[in-house]
Protein chains: 2
Amino acid sequence: MGIHEVAKRAKVSIATVSRTLNNPSTVDPRTAARVLKAVEELRYHPDIYARSLVSGRSRILGLIVSDITNPFFPELVRGFEDVAVQHGYEIMVSSTDYNSARMAVCVRRLLERKVEGVAIMTSEMDRPLIDQLERRKVPTVFLDVGSVHALISNIQVDYAAGINQAVEHLLALGHRRIGFISGPLTLKSASIRRTAFLECLTRKGILEDEDLVTEGDHMIDGGLAAMSRLLDLPNPPTAVLTSNDLTAIGALRAVHRKGLNVPKDVSVIGFDDIHFAEFTEPPLTTVALSRRELAEKAIFALLKHIEPTSGQPGHGAEYSITPTLVVRQSTCAPRQ
Amino acid sequence: MGIHEVAKRAKVSIATVSRTLNNPSTVDPRTAARVLKAVEELRYHPDIYARSLVSGRSRILGLIVSDITNPFFPELVRGFEDVAVQHGYEIMVSSTDYNSARMAVCVRRLLERKVEGVAIMTSEMDRPLIDQLERRKVPTVFLDVGSVHALISNIQVDYAAGINQAVEHLLALGHRRIGFISGPLTLKSASIRRTAFLECLTRKGILEDEDLVTEGDHMIDGGLAAMSRLLDLPNPPTAVLTSNDLTAIGALRAVHRKGLNVPKDVSVIGFDDIHFAEFTEPPLTTVALSRRELAEKAIFALLKHIEPTSGQPGHGAEYSITPTLVVRQSTCAPRQ
DNA sequence: CTGTTAGCGCCTTCAA
DNA sequence: TTGAAGGCGCTAACAG
């Protein structure tokens, strides 16, 4: 069932069929109705590939994440899928596994399928690959890293705001010795969060104690080890912020293993608000970063280039997303 | 840069370029070399859509999961992506969200992109959709449910074997009162697991106590509630098997809240071995179901139809995958 | 408003 | 072994 059968059945030419499907306003409503009826009856769907061939467009958006196994990402993928489909696009997702060779393969695959835009949500960037994307004129949107260019947008998480809320919450509770477990400092996004924390403390006039900020790996193990280190300090913190929820979960475990209690002995705050955070013991107070919002902004940024509403092709832009503290039960006032 | 430029540069016709790329054996090695050289130099990649248009093939495999947010699936997706790419295919993933309207949309999207095969890993089936797939002659592979047809294969998890190992482990430890928390019994796969458990017990000659098997929802909350119920029994079980790891995590939590200890007061065994199982408190003994193996078998089943090696188009088949017990620290001998 | 026609980039007979 | 030519199914001028 091709366009010809529809044309025949509706007694029009294939051009008219094509028009009523793509540009209804240029065809007589009564003919259009006839065509649409035929389309219905034949359950006709235009061949997407023939269409791509002539239009040069694929109606596919790419999404690159570092590790789909990390609970932060599936929700992002889900949101991305929803929003993309809503706008009539398909998505192609791949994991780079924090591995730049894999990343290169990802990009090549995306390019071969002629994606019309790519969201790179790895918080990392790889110059040559980005240049490649730019050369091919593929609109791109980054998370955290990334400088705005003609076709490149960036979504910046306002870590400062999120961490600020967390610190204020702790301060209000009476904490003064606040620790921080960062992600691996080789990751740009991890060091951004760490810096945000440090700046927040000085802004609040809290003396900085180097021992209190230590490095994890954004995974459970690293959080566990880091928290153990903190707890072994001669003068341990009464509250600890972590760079992500997985780290916080490891921290929770470390406290538990030491025979101590969260939040009575030490308060813990996570970051991200992965689904699981609600189910830790105790439920985790954390700074929620909406994956849905992230997905929406990313796609919005991409579509601005692909389907320029306002005549102009649209230049890359900087977007911002503000996380918000979700208070659950892993925080309380410190022992005096 | 299209095929023409390559042809010109290699001083051959476009037909020859096409041949050396698709059917090297039909072209003089020396001309082929020239062509390949030109291809290299121009970094030529055939247009995938033009190719699809003429060949009718998309080189895309579909993967439908129920909820990519469920930690079981991301690892499956990952494996599926790896294996597919290895074979030169792209993948299209979508979540149905346990919702048959969404499922219908998924299938339509897959059909529109002309996927060459679909893996439906939801443990559910929807007659009309399957018929639709079959009518369109799309090879399909199911998980657990699904009857083998010409184009339909099925991967059956050998739950009995897995649960058997778990029960024997418990028996060896000295347990006799073994409980079971099932998934929602509306899910076929959940009731399969439940049945496997029940049959295993009778096979072992253990008297069946109806109170000891209860229903969860394959999520943490359900596991928590179900375990609480079990613990409130006048004569509670000394060990509990669960239908999946999320349920087990909920169960762990319930025990903890009651002020009891896992494994000393009650042993808990999960199912699936999601990544997180290693990091629960205590680390979860569970029946591991390899997502990698699942992905490999699914793609193998699909490729058998798409790229029939042995002349014959290949008929659907039944595959089996055997899970294996991973003993960690949530099980030990019962209190006497 | 509608039909005719020329490609989009590639694969594949059919001759040479 | 190679080249010429005809589509694959659709969109987009260009005429009418």
# chains A, B, ... in the order shown; residues from 1 in each chain; ligands from 1
$ interface_residues --of "chain D" --to "chain B" --cutoff "10 Å" --atoms "only C-alpha atoms (C1' of nucleotides)" --output "list of chain:residue names"
D:DT1, D:DT2, D:DG3, D:DA4, D:DG7, D:DC8, D:DG9
$ select_by_dssp --residues "range 135-243 of chain A" --states "strand (DSSP E or B)" --output "VMD selection string"
chain A and resid 140 to 143 152 to 157 178 to 182 213 to 215 239 to 242
$ select_by_dssp --residues "range 102-326 of chain B" --states "alpha helix (DSSP H)" --output "ChimeraX atom specification"
/B:102-112,127-135,159-173,188-203,220-231,245-257,291-306
$ interface_residues --of "chain C" --to "chain A" --cutoff "8 Å" --atoms "only C-alpha atoms (C1' of nucleotides)" --output "number ranges by chain"
C: 1-3, 8-9
$ interface_residues --of "chain A" --to "chain B" --cutoff "8 Å" --atoms "only C-alpha atoms" --output "MDAnalysis selection string"
chainID A and resid 45 47:50 52:53 68:69 71 74:75 78 81 91:92 94:95 112:113 220 253 279 281
$ write_last_selection --atoms "N, CA and C atoms" --output "compact mmCIF listing (two decimals), in the first residue's frame"
# COMPACT_ATOMS: atom_id res chain seq x y z
N HIS A 45 0.34 4.44 5.72
CA HIS A 45 1.35 5.24 6.41
C HIS A 45 2.46 5.53 5.43
N ASP A 47 5.86 5.94 3.73
CA ASP A 47 7.13 5.29 4.01
C ASP A 47 8.12 6.32 4.54
N ILE A 48 8.51 6.08 5.74
CA ILE A 48 9.33 7.02 6.46
C ILE A 48 10.70 7.21 5.82
N TYR A 49 11.18 6.15 5.19
CA TYR A 49 12.52 6.22 4.61
C TYR A 49 12.52 6.96 3.27
N ALA A 50 11.48 6.73 2.51
CA ALA A 50 11.36 7.47 1.25
C ALA A 50 11.29 8.95 1.59
N SER A 52 12.46 10.39 4.27
CA SER A 52 13.76 10.86 4.72
C SER A 52 14.68 11.11 3.53
N LEU A 53 14.58 10.23 2.57
CA LEU A 53 15.48 10.34 1.42
C LEU A 53 15.29 11.68 0.72
N ILE A 68 23.52 3.92 31.27
CA ILE A 68 22.08 3.78 31.44
C ILE A 68 21.75 2.95 32.66
N THR A 69 22.76 2.32 33.19
CA THR A 69 22.61 1.49 34.38
C THR A 69 22.57 2.33 35.65
N PRO A 71 20.93 4.81 37.94
CA PRO A 71 19.49 5.09 38.10
C PRO A 71 19.05 6.50 37.75
N PRO A 74 17.74 6.28 33.50
CA PRO A 74 16.51 5.72 32.94
C PRO A 74 15.35 6.69 32.98
N GLU A 75 15.26 7.45 34.03
CA GLU A 75 14.15 8.40 34.12
C GLU A 75 14.31 9.53 33.10
N ARG A 78 13.29 8.05 29.80
CA ARG A 78 11.84 7.97 29.75
C ARG A 78 11.23 9.32 29.39
N GLU A 81 12.01 10.23 25.84
CA GLU A 81 11.17 9.47 24.90
C GLU A 81 9.77 10.09 24.82
N ILE A 91 13.61 8.47 19.15
CA ILE A 91 14.89 8.73 19.80
C ILE A 91 15.86 7.56 19.63
N MET A 92 17.11 7.89 19.72
CA MET A 92 18.17 6.88 19.71
C MET A 92 19.02 7.13 20.92
N SER A 94 22.19 6.01 23.48
CA SER A 94 23.28 5.09 23.76
C SER A 94 24.11 5.50 24.96
N SER A 95 24.71 4.51 25.56
CA SER A 95 25.58 4.71 26.72
C SER A 95 27.02 4.76 26.27
N GLU A 112 25.27 8.56 11.23
CA GLU A 112 24.85 7.71 10.11
C GLU A 112 23.33 7.69 9.96
N ARG A 113 22.66 7.77 11.09
CA ARG A 113 21.20 7.77 11.03
C ARG A 113 20.68 9.19 10.84
N ILE A 220 28.03 3.65 45.02
CA ILE A 220 27.80 3.27 46.41
C ILE A 220 29.09 2.99 47.15
N ARG A 253 25.09 3.46 54.55
CA ARG A 253 25.57 2.14 54.91
C ARG A 253 26.78 2.22 55.84
N PHE A 279 13.24 5.13 49.26
CA PHE A 279 13.14 3.82 49.91
C PHE A 279 14.38 3.41 50.68
N GLU A 281 16.92 3.51 53.99
CA GLU A 281 16.62 3.46 55.41
C GLU A 281 17.58 4.36 56.15
$ residues_around --residues "Ser182 in chain A" --least-positions-apart "5" --cutoff "7 Å" --atoms "only C-alpha atoms (C1' of nucleotides)" --output "PDB file with N, CA and C atoms, in the first residue's frame"
ATOM      1  N   ALA A 190      31.378  16.853  38.656  1.00  0.00           N
ATOM      2  CA  ALA A 190      31.625  16.564  40.068  1.00  0.00           C
ATOM      3  C   ALA A 190      32.346  17.729  40.729  1.00  0.00           C
ATOM      4  N   ARG A 194      31.287  20.289  43.890  1.00  0.00           N
ATOM      5  CA  ARG A 194      32.176  20.476  45.033  1.00  0.00           C
ATOM      6  C   ARG A 194      32.442  21.967  45.254  1.00  0.00           C
ATOM      7  N   THR A 214      35.812  15.231  51.028  1.00  0.00           N
ATOM      8  CA  THR A 214      36.577  14.089  50.541  1.00  0.00           C
ATOM      9  C   THR A 214      35.966  13.592  49.237  1.00  0.00           C
ATOM     10  N   GLU A 215      36.675  12.681  48.609  1.00  0.00           N
ATOM     11  CA  GLU A 215      36.255  12.286  47.270  1.00  0.00           C
ATOM     12  C   GLU A 215      35.642  10.894  47.219  1.00  0.00           C
ATOM     13  N   GLY A 216      34.521  10.783  46.521  1.00  0.00           N
ATOM     14  CA  GLY A 216      33.913   9.477  46.279  1.00  0.00           C
ATOM     15  C   GLY A 216      34.007   9.177  44.799  1.00  0.00           C
ATOM     16  N   THR A 242      26.296  14.916  49.925  1.00  0.00           N
ATOM     17  CA  THR A 242      26.966  14.055  48.956  1.00  0.00           C
ATOM     18  C   THR A 242      26.660  14.540  47.548  1.00  0.00           C
ATOM     19  N   SER A 243      27.511  14.152  46.640  1.00  0.00           N
ATOM     20  CA  SER A 243      27.441  14.649  45.273  1.00  0.00           C
ATOM     21  C   SER A 243      26.347  13.977  44.457  1.00  0.00           C
TER      22      SER A 243
END
$ atom_distance --atom1 "CA of Asp126 in chain A" --atom2 "CA of Leu185 in chain A"
16.7 Å
$ residues_around --residues "DT13 in chain C" --least-positions-apart "2" --cutoff "10 Å" --atoms "only C-alpha atoms (C1' of nucleotides)" --output "PyMOL selection string"
(chain C and resi 11+15) or (chain D and resi 5-6)
$ write_last_selection --atoms "N, CA and C atoms (P, O5', C5', C4', C3', O3' and C1' of nucleotides)" --output "compact mmCIF listing (two decimals), in the first residue's frame"
# COMPACT_ATOMS: atom_id res chain seq x y z
P DC C 11 23.85 0.51 -1.96
O5' DC C 11 22.81 -0.36 -2.79
C5' DC C 11 21.62 -0.78 -2.17
C4' DC C 11 20.75 -1.49 -3.17
C3' DC C 11 21.37 -2.76 -3.76
O3' DC C 11 20.33 -3.74 -3.80
C1' DC C 11 20.74 -1.32 -5.50
P DA C 15 18.38 -8.26 -21.73
O5' DA C 15 19.51 -7.61 -22.64
C5' DA C 15 20.78 -7.46 -22.08
C4' DA C 15 21.43 -6.20 -22.58
C3' DA C 15 22.40 -6.50 -23.73
O3' DA C 15 22.64 -5.33 -24.49
C1' DA C 15 23.60 -6.11 -21.70
P DA D 5 21.84 4.60 -20.55
O5' DA D 5 20.80 3.79 -19.64
C5' DA D 5 20.35 2.51 -20.07
C4' DA D 5 19.21 2.05 -19.17
C3' DA D 5 18.23 3.17 -18.79
O3' DA D 5 16.95 2.58 -18.63
C1' DA D 5 19.18 2.31 -16.85
P DG D 6 15.66 3.47 -18.59
O5' DG D 6 14.72 2.66 -17.61
C5' DG D 6 14.74 1.22 -17.62
C4' DG D 6 14.37 0.71 -16.24
C3' DG D 6 13.22 1.49 -15.59
O3' DG D 6 12.37 0.56 -14.93
C1' DG D 6 15.08 1.53 -14.17
$ atom_distance --atom1 "CA of Ser18 in chain A" --atom2 "CA of Ile306 in chain A"
21.7 Å
$ atom_distance --atom1 "CA of Thr285 in chain A" --atom2 "CA of Gly270 in chain A"
6.3 Å
